[in-house]
file upload_33.cif (mmCIF, C-alpha atoms and all ligand atoms)
data_input
loop_
_atom_site.label_atom_id
_atom_site.label_comp_id
_atom_site.auth_asym_id
_atom_site.auth_seq_id
_atom_site.Cartn_x
_atom_site.Cartn_y
_atom_site.Cartn_z
CA MET A 1 -18.75 -37.34 37.63
CA SER A 2 -17.53 -34.47 35.47
CA VAL A 3 -15.10 -31.77 36.63
CA ALA A 4 -16.67 -28.33 36.99
CA LEU A 5 -15.47 -25.77 34.46
CA PRO A 6 -13.87 -23.31 34.29
CA ILE A 7 -10.80 -24.27 36.28
CA ARG A 8 -9.08 -21.40 38.05
CA THR A 9 -5.37 -21.34 38.86
CA ALA A 10 -3.31 -18.52 40.41
CA SER A 11 -3.30 -16.41 37.25
CA LEU A 12 -5.25 -18.38 34.64
CA ILE A 13 -8.72 -19.56 33.75
CA LEU A 14 -9.01 -22.87 31.86
CA ARG A 15 -12.34 -22.97 30.05
CA PRO A 16 -14.07 -24.70 27.13
CA PHE A 17 -13.57 -23.31 23.62
CA ALA A 18 -16.23 -20.93 22.30
CA GLU A 19 -16.94 -19.72 18.75
CA SER A 20 -15.40 -16.35 19.71
CA ASP A 21 -12.00 -18.07 20.17
CA PHE A 22 -11.65 -18.89 16.48
CA GLU A 23 -9.66 -15.79 15.44
CA ASP A 24 -7.17 -16.32 18.27
CA ILE A 25 -6.69 -20.03 17.63
CA ALA A 26 -6.40 -19.45 13.87
CA ALA A 27 -3.69 -16.84 14.52
CA GLN A 28 -1.89 -19.27 16.82
CA MET A 29 -2.14 -22.23 14.42
CA GLY A 30 -1.11 -20.04 11.50
CA ASP A 31 2.04 -18.79 13.21
CA ALA A 32 5.23 -20.34 11.80
CA GLY A 33 7.12 -19.70 15.05
CA VAL A 34 4.50 -21.38 17.24
CA THR A 35 4.30 -24.44 14.97
CA ARG A 36 8.04 -24.68 14.26
CA TYR A 37 8.50 -27.91 16.22
CA LEU A 38 5.03 -29.40 15.73
CA TYR A 39 4.12 -32.11 13.19
CA TRP A 40 1.64 -29.73 11.55
CA GLY A 41 1.40 -26.12 10.53
CA PRO A 42 1.46 -23.32 9.97
CA ARG A 43 -2.22 -23.96 9.18
CA THR A 44 -4.39 -22.07 6.73
CA ARG A 45 -7.63 -20.58 8.05
CA GLU A 46 -9.54 -23.51 6.58
CA GLU A 47 -7.24 -26.05 8.21
CA SER A 48 -7.51 -24.18 11.50
CA ARG A 49 -11.30 -24.28 11.24
CA ILE A 50 -11.27 -28.11 11.07
CA ALA A 51 -8.92 -28.32 14.06
CA PHE A 52 -11.03 -25.77 15.92
CA GLU A 53 -14.22 -27.83 15.43
CA LYS A 54 -12.52 -30.78 17.14
CA ARG A 55 -11.64 -28.56 20.10
CA MET A 56 -15.25 -27.41 20.36
CA THR A 57 -16.23 -31.03 21.08
CA GLY A 58 -13.57 -31.66 23.75
CA ASN A 59 -15.35 -29.63 26.39
CA VAL A 60 -16.16 -32.16 29.10
CA ILE A 61 -13.72 -33.48 31.70
CA ALA A 62 -15.08 -36.77 32.97
CA PRO A 63 -13.95 -40.39 33.36
CA GLY A 64 -14.11 -42.22 30.01
CA VAL A 65 -13.83 -39.06 27.90
CA ASP A 66 -10.94 -39.54 25.45
CA TYR A 67 -10.07 -35.97 24.44
CA ILE A 68 -10.24 -32.72 26.37
CA ALA A 69 -9.14 -29.30 25.06
CA LEU A 70 -9.37 -26.10 27.07
CA VAL A 71 -8.59 -22.49 26.34
CA ILE A 72 -5.97 -20.97 28.62
CA ALA A 73 -7.16 -17.43 29.38
CA ASP A 74 -5.29 -14.79 31.34
CA ALA A 75 -7.39 -14.30 34.49
CA ALA A 76 -6.55 -10.61 34.83
CA THR A 77 -7.54 -9.58 31.31
CA GLY A 78 -9.53 -12.52 29.92
CA ARG A 79 -7.18 -12.65 26.93
CA PHE A 80 -6.68 -15.90 25.02
CA ALA A 81 -3.25 -17.18 26.04
CA GLY A 82 -3.23 -20.64 24.44
CA GLU A 83 -4.59 -24.12 24.83
CA VAL A 84 -3.98 -27.21 26.94
CA SER A 85 -5.23 -30.69 26.14
CA LEU A 86 -5.48 -34.23 27.46
CA MET A 87 -5.56 -37.03 24.88
CA HIS A 88 -6.07 -40.83 24.77
CA MET A 89 -7.66 -40.60 28.20
CA ALA A 90 -10.10 -43.46 27.59
CA ASN A 91 -7.46 -46.03 26.74
CA PRO A 92 -7.81 -49.24 28.78
CA HIS A 93 -4.31 -48.97 30.25
CA ARG A 94 -5.21 -45.60 31.78
CA ASN A 95 -2.34 -43.94 29.91
CA GLY A 96 -3.02 -40.38 28.76
CA GLU A 97 -1.06 -37.64 27.07
CA ILE A 98 -0.86 -33.92 27.80
CA GLY A 99 -0.21 -31.16 25.27
CA TYR A 100 0.05 -27.37 25.35
CA ILE A 101 0.40 -24.60 22.78
CA LEU A 102 0.64 -20.95 23.72
CA HIS A 103 -0.17 -17.79 21.84
CA PRO A 104 3.10 -16.01 21.00
CA ASP A 105 2.24 -13.07 23.28
CA PHE A 106 2.30 -15.39 26.30
CA HIS A 107 5.51 -17.39 25.81
CA GLY A 108 8.14 -17.36 28.55
CA ARG A 109 5.91 -16.32 31.46
CA GLY A 110 5.30 -19.67 33.15
CA VAL A 111 1.84 -19.98 31.59
CA ALA A 112 2.35 -23.47 30.09
CA THR A 113 3.72 -24.78 33.37
CA GLU A 114 0.81 -23.33 35.38
CA ALA A 115 -1.88 -24.62 33.01
CA ALA A 116 -0.32 -28.05 32.52
CA THR A 117 0.15 -28.51 36.27
CA ALA A 118 -3.59 -28.02 36.79
CA MET A 119 -4.40 -30.53 34.04
CA ARG A 120 -1.84 -33.05 35.35
CA ASP A 121 -3.54 -32.91 38.75
CA ILE A 122 -6.99 -33.43 37.23
CA ALA A 123 -5.70 -36.35 35.15
CA PHE A 124 -4.46 -38.19 38.23
CA ARG A 125 -6.82 -36.97 40.96
CA GLU A 126 -10.15 -36.78 39.14
CA LEU A 127 -9.71 -39.13 36.19
CA GLY A 128 -7.66 -41.85 37.86
CA LEU A 129 -4.92 -42.00 35.27
CA HIS A 130 -2.10 -44.54 35.75
CA ARG A 131 0.46 -42.80 33.51
CA LEU A 132 0.70 -39.38 31.86
CA THR A 133 3.04 -38.81 28.93
CA ALA A 134 4.18 -35.84 26.87
CA GLY A 135 6.41 -35.64 23.85
CA CYS A 136 8.15 -33.04 21.71
CA ASP A 137 10.82 -32.40 19.12
CA ASP A 138 14.19 -32.64 20.84
CA ARG A 139 14.99 -29.04 19.88
CA ASN A 140 11.88 -27.76 21.65
CA THR A 141 13.63 -26.87 24.91
CA GLY A 142 10.73 -24.80 26.23
CA SER A 143 8.40 -27.78 25.86
CA TRP A 144 10.57 -30.40 27.56
CA ARG A 145 11.43 -27.93 30.31
CA VAL A 146 7.69 -27.70 31.05
CA MET A 147 7.58 -31.51 31.28
CA GLU A 148 10.44 -31.44 33.79
CA LYS A 149 8.74 -28.71 35.80
CA LEU A 150 5.66 -30.96 35.98
CA GLY A 151 7.85 -33.60 37.65
CA MET A 152 7.85 -35.95 34.66
CA ARG A 153 10.77 -38.28 33.86
CA ARG A 154 12.56 -38.41 30.52
CA GLU A 155 11.85 -41.93 29.24
CA ALA A 156 13.17 -41.77 25.71
CA HIS A 157 15.19 -39.71 23.31
CA PHE A 158 14.80 -40.86 19.73
CA VAL A 159 17.70 -39.54 17.67
CA ARG A 160 16.86 -38.13 14.23
CA ASN A 161 14.14 -40.77 13.85
CA GLU A 162 11.44 -38.91 11.93
CA PHE A 163 11.33 -36.87 8.75
CA VAL A 164 9.29 -33.77 9.62
CA LYS A 165 8.95 -30.58 7.60
CA GLY A 166 11.78 -31.54 5.26
CA GLU A 167 14.38 -32.69 7.80
CA TRP A 168 15.30 -35.54 10.12
CA THR A 169 14.23 -34.66 13.63
CA GLY A 170 14.56 -36.29 17.03
CA GLY A 171 11.85 -36.78 19.62
CA ILE A 172 11.74 -36.80 23.40
CA ILE A 173 9.16 -38.59 25.57
CA TYR A 174 8.50 -37.80 29.21
CA ALA A 175 6.18 -39.68 31.57
CA MET A 176 4.84 -39.75 35.10
CA LEU A 177 3.09 -42.57 36.99
CA ASP A 178 0.26 -42.11 39.47
CA GLU A 179 2.54 -43.18 42.35
CA GLU A 180 5.09 -40.57 41.30
CA TRP A 181 2.36 -37.94 41.21
CA ARG A 182 1.20 -38.97 44.72
CA ALA A 183 4.77 -38.78 46.04
CA LEU A 184 5.05 -35.28 44.61
CA GLN A 185 1.91 -34.19 46.46
CA ALA A 186 3.13 -35.54 49.82
C1 LIG B 201 6.85 -24.68 24.53
C2 LIG B 201 5.89 -23.71 25.20
C3 LIG B 201 4.59 -24.42 25.46
C4 LIG B 201 6.50 -23.25 26.52
O1 LIG B 201 5.52 -22.47 27.17
P1 LIG B 201 5.93 -21.30 28.18
O2 LIG B 201 4.70 -20.84 28.90
O3 LIG B 201 6.71 -20.30 27.44
O4 LIG B 201 6.83 -22.11 29.19
P2 LIG B 201 7.13 -21.67 30.68
O5 LIG B 201 7.20 -20.16 30.73
O6 LIG B 201 6.17 -22.38 31.59
O7 LIG B 201 8.61 -22.18 30.87
C5 LIG B 201 8.96 -23.47 31.26
C6 LIG B 201 10.48 -23.56 31.23
O8 LIG B 201 10.94 -23.61 29.89
C7 LIG B 201 11.86 -22.56 29.65
N1 LIG B 201 11.61 -22.07 28.30
C8 LIG B 201 10.44 -21.61 27.82
N2 LIG B 201 10.60 -21.29 26.51
C9 LIG B 201 11.88 -21.58 26.19
C10 LIG B 201 12.64 -21.49 24.99
N3 LIG B 201 12.11 -21.04 23.85
N4 LIG B 201 13.94 -21.88 25.03
C11 LIG B 201 14.48 -22.36 26.16
N5 LIG B 201 13.81 -22.48 27.33
C12 LIG B 201 12.53 -22.08 27.34
C13 LIG B 201 11.55 -21.52 30.71
O9 LIG B 201 12.67 -20.70 30.96
C14 LIG B 201 11.17 -22.38 31.88
O10 LIG B 201 12.29 -22.92 32.52
P3 LIG B 201 12.90 -22.29 33.84
O11 LIG B 201 11.78 -22.14 34.82
O12 LIG B 201 13.92 -23.27 34.23
O13 LIG B 201 13.43 -20.97 33.43
C15 LIG B 201 5.62 -22.45 24.32
O14 LIG B 201 6.85 -21.87 24.00
C16 LIG B 201 4.87 -22.78 23.05
O15 LIG B 201 3.66 -22.77 23.04
N6 LIG B 201 5.60 -23.08 21.96
C17 LIG B 201 5.00 -23.34 20.68
C18 LIG B 201 4.11 -24.58 20.67
C19 LIG B 201 4.82 -25.80 21.18
O16 LIG B 201 5.94 -26.10 20.78
N7 LIG B 201 4.15 -26.53 22.08
C20 LIG B 201 4.66 -27.74 22.66
C21 LIG B 201 4.35 -28.86 21.76
S1 LIG B 201 5.13 -30.38 22.26
#

call {"tool": "encode", "arguments": {"input": "upload_33.cif", "output": "structure tokens", "more": "lines below"}}
Ligand SMILES: CC(C)(COP(=O)(O)OP(=O)(O)OC[C@H]1O[C@@H](n2cnc3c(N)ncnc32)[C@H](O)[C@@H]1OP(=O)(O)O)[C@@H](O)C(=O)NCCC(=O)NCCS
result
Amino acid sequence: MSVALPIRTASLILRPFAESDFEDIAAQMGDAGVTRYLYWGPRTREESRIAFEKRMTGNVIAPGVDYIALVIADAATGRFAGEVSLMHMANPHRNGEIGYILHPDFHGRGVATEAATAMRDIAFRELGLHRLTAGCDDRNTGSWRVMEKLGMRREAHFVRNEFVKGEWTGGIIYAMLDEEWRALQA
């Protein structure tokens, strides 16, 4: 059974992407600050269009669906605040991955934590995930702090292991198991 959309949290609405979101997502993907610690970007408009089309297809939350991408909108104003995604959800080991990228106007307000918490709960409660992971560049403190606020454990710190955007960078992996999620709810 699919999860009804949109999802409402205390101050956010998580909803499927619509054509009218393209300018906002293109601005976000084209921002050098936003993409500083990502593998990709800043993206051109054309590159953003390709990535946007993929998001337009990830609009159903249901068991067996591999990729889900939702717009994070500010509930008070309706403004586009970023995106949150679940990936690899259909893998046979029931391991999935969560990701989040915020529009620069919405950094540092708890938005990523609030949106990702709602998606974490759906991943375990509705989709029956066994393990949820998240990863980031080891210099991306804001990102791994969100993972910690979700109750995830740091499982790995790879030291200067990848050559990204012209330099050796390290990576951090966090994870949470279904039993850890249940203990957190109790
Ligand atoms: C990383 C990102 C998602 C954080 O989102 P956010 O909504 O600003 O995060 P929150 O406000 O929920 O903050 C979570 C924690 O991280 C801390 N934090 C947020 N940004 C930070 C930064 N730039 N430096 C240090 N700490 C930061 C917050 O203080 C908070 O911790 P606290 O409660 O202990 O104070 C956002 O900055 C972003 O979209 N960055 C660009 C894209 C990106 O890197 N995405 C992650 C890909 S792995």

call {"tool": "residues_near_ligand", "arguments": {"input": "upload_33.cif", "ligand": "ligand LIG 201 (chain B)", "cutoff": "10 Å", "atoms": "all atoms listed in the file", "output": "PyMOL selection string"}}
result
chain A and resi 28-29+31-39+81-84+98-117+134-150+171-173

call {"tool": "atom_distance", "arguments": {"input": "upload_33.cif", "atom1": "atom CA of Pro16 of chain A", "atom2": "atom CA of Arg49 of chain A"}}
result
16.1 Å

call {"tool": "atom_distance", "arguments": {"input": "upload_33.cif", "atom1": "atom CA of Arg153 of chain A", "atom2": "atom CA of Tyr174 of chain A"}}
result
5.2 Å

call {"tool": "atom_distance", "arguments": {"input": "upload_33.cif", "atom1": "atom CA of Glu46 of chain A", "atom2": "atom CA of Val60 of chain A"}}
result
25.0 Å

call {"tool": "closest_residue", "arguments": {"input": "upload_33.cif", "among": "A:Arg154, A:Arg45, A:Arg8, A:His130", "to": "Arg182 of chain A", "atoms": "all atoms listed in the file"}}
result
A:His130

call {"tool": "residues_around", "arguments": {"input": "upload_33.cif", "residues": "Thr169 of chain A", "least_positions_apart": "3", "cutoff": "8 Å", "atoms": "all atoms listed in the file", "output": "PyMOL selection string"}}
result
chain A and resi 137-138+159-164

call {"tool": "closest_residue", "arguments": {"input": "upload_33.cif", "among": "A:Asn95, A:Ser48, A:Gln185, A:Ser85", "to": "Arg15 of chain A", "atoms": "all atoms listed in the file"}}
result
A:Ser85

call {"tool": "closest_residue", "arguments": {"input": "upload_33.cif", "among": "A:Ile13, A:Ala26, A:Trp168, A:Glu97", "to": "Ile50 of chain A", "atoms": "all atoms listed in the file"}}
result
A:Ala26

call {"tool": "residues_around", "arguments": {"input": "upload_33.cif", "residues": "Gly64 of chain A", "least_positions_apart": "5", "cutoff": "12 Å", "atoms": "only C-alpha atoms", "output": "ChimeraX atom specification"}}
result
/A:1-2,87-96,123,126-129

call {"tool": "closest_residue", "arguments": {"input": "upload_33.cif", "among": "A:Leu132, A:Ala62, A:Met119, A:Ile72", "to": "Glu155 of chain A", "atoms": "only C-alpha atoms"}}
result
A:Leu132

call {"tool": "closest_residue", "arguments": {"input": "upload_33.cif", "among": "A:Leu177, A:Met152, A:Ile68, A:Gly166", "to": "Lys54 of chain A", "atoms": "only C-alpha atoms"}}
result
A:Ile68

call {"tool": "closest_residue", "arguments": {"input": "upload_33.cif", "among": "A:Ile122, A:Val3, A:Leu14, A:Ala76", "to": "Asp178 of chain A", "atoms": "all atoms listed in the file"}}
result
A:Ile122

call {"tool": "residues_around", "arguments": {"input": "upload_33.cif", "residues": "Phe80 of chain A", "least_positions_apart": "4", "cutoff": "8 Å", "atoms": "all atoms listed in the file", "output": "list of chain:residue names"}}
result
A:Asp21, A:Asp24, A:Val71, A:Ile72, A:Ala73, A:Asp74, A:His103

call {"tool": "write_last_selection", "arguments": {"input": "upload_33.cif", "atoms": "C-alpha atoms", "output": "PDB file, in the frame of the given file"}}
result
ATOM      1  CA  ASP A  21     -12.000 -18.070  20.170  1.00  0.00           C
ATOM      2  CA  ASP A  24      -7.170 -16.320  18.270  1.00  0.00           C
ATOM      3  CA  VAL A  71      -8.590 -22.490  26.340  1.00  0.00           C
ATOM      4  CA  ILE A  72      -5.970 -20.970  28.620  1.00  0.00           C
ATOM      5  CA  ALA A  73      -7.160 -17.430  29.380  1.00  0.00           C
ATOM      6  CA  ASP A  74      -5.290 -14.790  31.340  1.00  0.00           C
ATOM      7  CA  HIS A 103      -0.170 -17.790  21.840  1.00  0.00           C
TER       8      HIS A 103
END

call {"tool": "build_atoms", "arguments": {"input": "upload_33.cif", "residues": "segment 26-41 of chain A", "atoms": "N, CA, C and O atoms", "output": "PDB file, in the coordinates of the input"}}
result
ATOM      1  N   ALA A  26      -6.869 -19.447  15.264  1.00  0.00           N
ATOM      2  CA  ALA A  26      -6.400 -19.450  13.870  1.00  0.00           C
ATOM      3  C   ALA A  26      -5.078 -18.693  13.770  1.00  0.00           C
ATOM      4  O   ALA A  26      -4.167 -19.113  13.042  1.00  0.00           O
ATOM      5  N   ALA A  27      -4.946 -17.591  14.519  1.00  0.00           N
ATOM      6  CA  ALA A  27      -3.690 -16.840  14.520  1.00  0.00           C
ATOM      7  C   ALA A  27      -2.570 -17.699  15.109  1.00  0.00           C
ATOM      8  O   ALA A  27      -1.441 -17.729  14.594  1.00  0.00           O
ATOM      9  N   GLN A  28      -2.901 -18.411  16.166  1.00  0.00           N
ATOM     10  CA  GLN A  28      -1.890 -19.270  16.820  1.00  0.00           C
ATOM     11  C   GLN A  28      -1.467 -20.419  15.903  1.00  0.00           C
ATOM     12  O   GLN A  28      -0.283 -20.696  15.734  1.00  0.00           O
ATOM     13  N   MET A  29      -2.458 -21.091  15.289  1.00  0.00           N
ATOM     14  CA  MET A  29      -2.140 -22.230  14.420  1.00  0.00           C
ATOM     15  C   MET A  29      -1.486 -21.800  13.112  1.00  0.00           C
ATOM     16  O   MET A  29      -0.829 -22.599  12.445  1.00  0.00           O
ATOM     17  N   GLY A  30      -1.684 -20.540  12.748  1.00  0.00           N
ATOM     18  CA  GLY A  30      -1.110 -20.040  11.500  1.00  0.00           C
ATOM     19  C   GLY A  30       0.261 -19.412  11.677  1.00  0.00           C
ATOM     20  O   GLY A  30       0.844 -18.901  10.714  1.00  0.00           O
ATOM     21  N   ASP A  31       0.766 -19.448  12.888  1.00  0.00           N
ATOM     22  CA  ASP A  31       2.040 -18.790  13.210  1.00  0.00           C
ATOM     23  C   ASP A  31       3.197 -19.779  13.008  1.00  0.00           C
ATOM     24  O   ASP A  31       3.256 -20.823  13.662  1.00  0.00           O
ATOM     25  N   ALA A  32       4.128 -19.425  12.123  1.00  0.00           N
ATOM     26  CA  ALA A  32       5.230 -20.340  11.800  1.00  0.00           C
ATOM     27  C   ALA A  32       6.152 -20.558  13.008  1.00  0.00           C
ATOM     28  O   ALA A  32       6.720 -21.640  13.168  1.00  0.00           O
ATOM     29  N   GLY A  33       6.282 -19.551  13.854  1.00  0.00           N
ATOM     30  CA  GLY A  33       7.120 -19.700  15.050  1.00  0.00           C
ATOM     31  C   GLY A  33       6.497 -20.663  16.047  1.00  0.00           C
ATOM     32  O   GLY A  33       7.169 -21.555  16.579  1.00  0.00           O
ATOM     33  N   VAL A  34       5.209 -20.505  16.284  1.00  0.00           N
ATOM     34  CA  VAL A  34       4.500 -21.380  17.240  1.00  0.00           C
ATOM     35  C   VAL A  34       4.561 -22.835  16.778  1.00  0.00           C
ATOM     36  O   VAL A  34       4.733 -23.754  17.586  1.00  0.00           O
ATOM     37  N   THR A  35       4.408 -23.064  15.480  1.00  0.00           N
ATOM     38  CA  THR A  35       4.300 -24.440  14.970  1.00  0.00           C
ATOM     39  C   THR A  35       5.652 -25.015  14.512  1.00  0.00           C
ATOM     40  O   THR A  35       5.698 -26.121  13.985  1.00  0.00           O
ATOM     41  N   ARG A  36       6.716 -24.276  14.758  1.00  0.00           N
ATOM     42  CA  ARG A  36       8.040 -24.680  14.260  1.00  0.00           C
ATOM     43  C   ARG A  36       8.378 -26.136  14.578  1.00  0.00           C
ATOM     44  O   ARG A  36       8.891 -26.863  13.741  1.00  0.00           O
ATOM     45  N   TYR A  37       8.108 -26.558  15.804  1.00  0.00           N
ATOM     46  CA  TYR A  37       8.500 -27.910  16.220  1.00  0.00           C
ATOM     47  C   TYR A  37       7.322 -28.871  16.323  1.00  0.00           C
ATOM     48  O   TYR A  37       7.418 -29.912  16.964  1.00  0.00           O
ATOM     49  N   LEU A  38       6.193 -28.511  15.717  1.00  0.00           N
ATOM     50  CA  LEU A  38       5.030 -29.400  15.730  1.00  0.00           C
ATOM     51  C   LEU A  38       4.983 -30.195  14.425  1.00  0.00           C
ATOM     52  O   LEU A  38       5.593 -29.808  13.434  1.00  0.00           O
ATOM     53  N   TYR A  39       4.229 -31.295  14.418  1.00  0.00           N
ATOM     54  CA  TYR A  39       4.120 -32.110  13.190  1.00  0.00           C
ATOM     55  C   TYR A  39       3.391 -31.339  12.107  1.00  0.00           C
ATOM     56  O   TYR A  39       3.583 -31.581  10.936  1.00  0.00           O
ATOM     57  N   TRP A  40       2.499 -30.422  12.510  1.00  0.00           N
ATOM     58  CA  TRP A  40       1.640 -29.730  11.550  1.00  0.00           C
ATOM     59  C   TRP A  40       1.960 -28.234  11.537  1.00  0.00           C
ATOM     60  O   TRP A  40       2.660 -27.728  12.413  1.00  0.00           O
ATOM     61  N   GLY A  41       1.370 -27.565  10.569  1.00  0.00           N
ATOM     62  CA  GLY A  41       1.400 -26.120  10.530  1.00  0.00           C
ATOM     63  C   GLY A  41       2.609 -25.540   9.811  1.00  0.00           C
ATOM     64  O   GLY A  41       3.534 -26.264   9.473  1.00  0.00           O
TER      65      GLY A  41
END
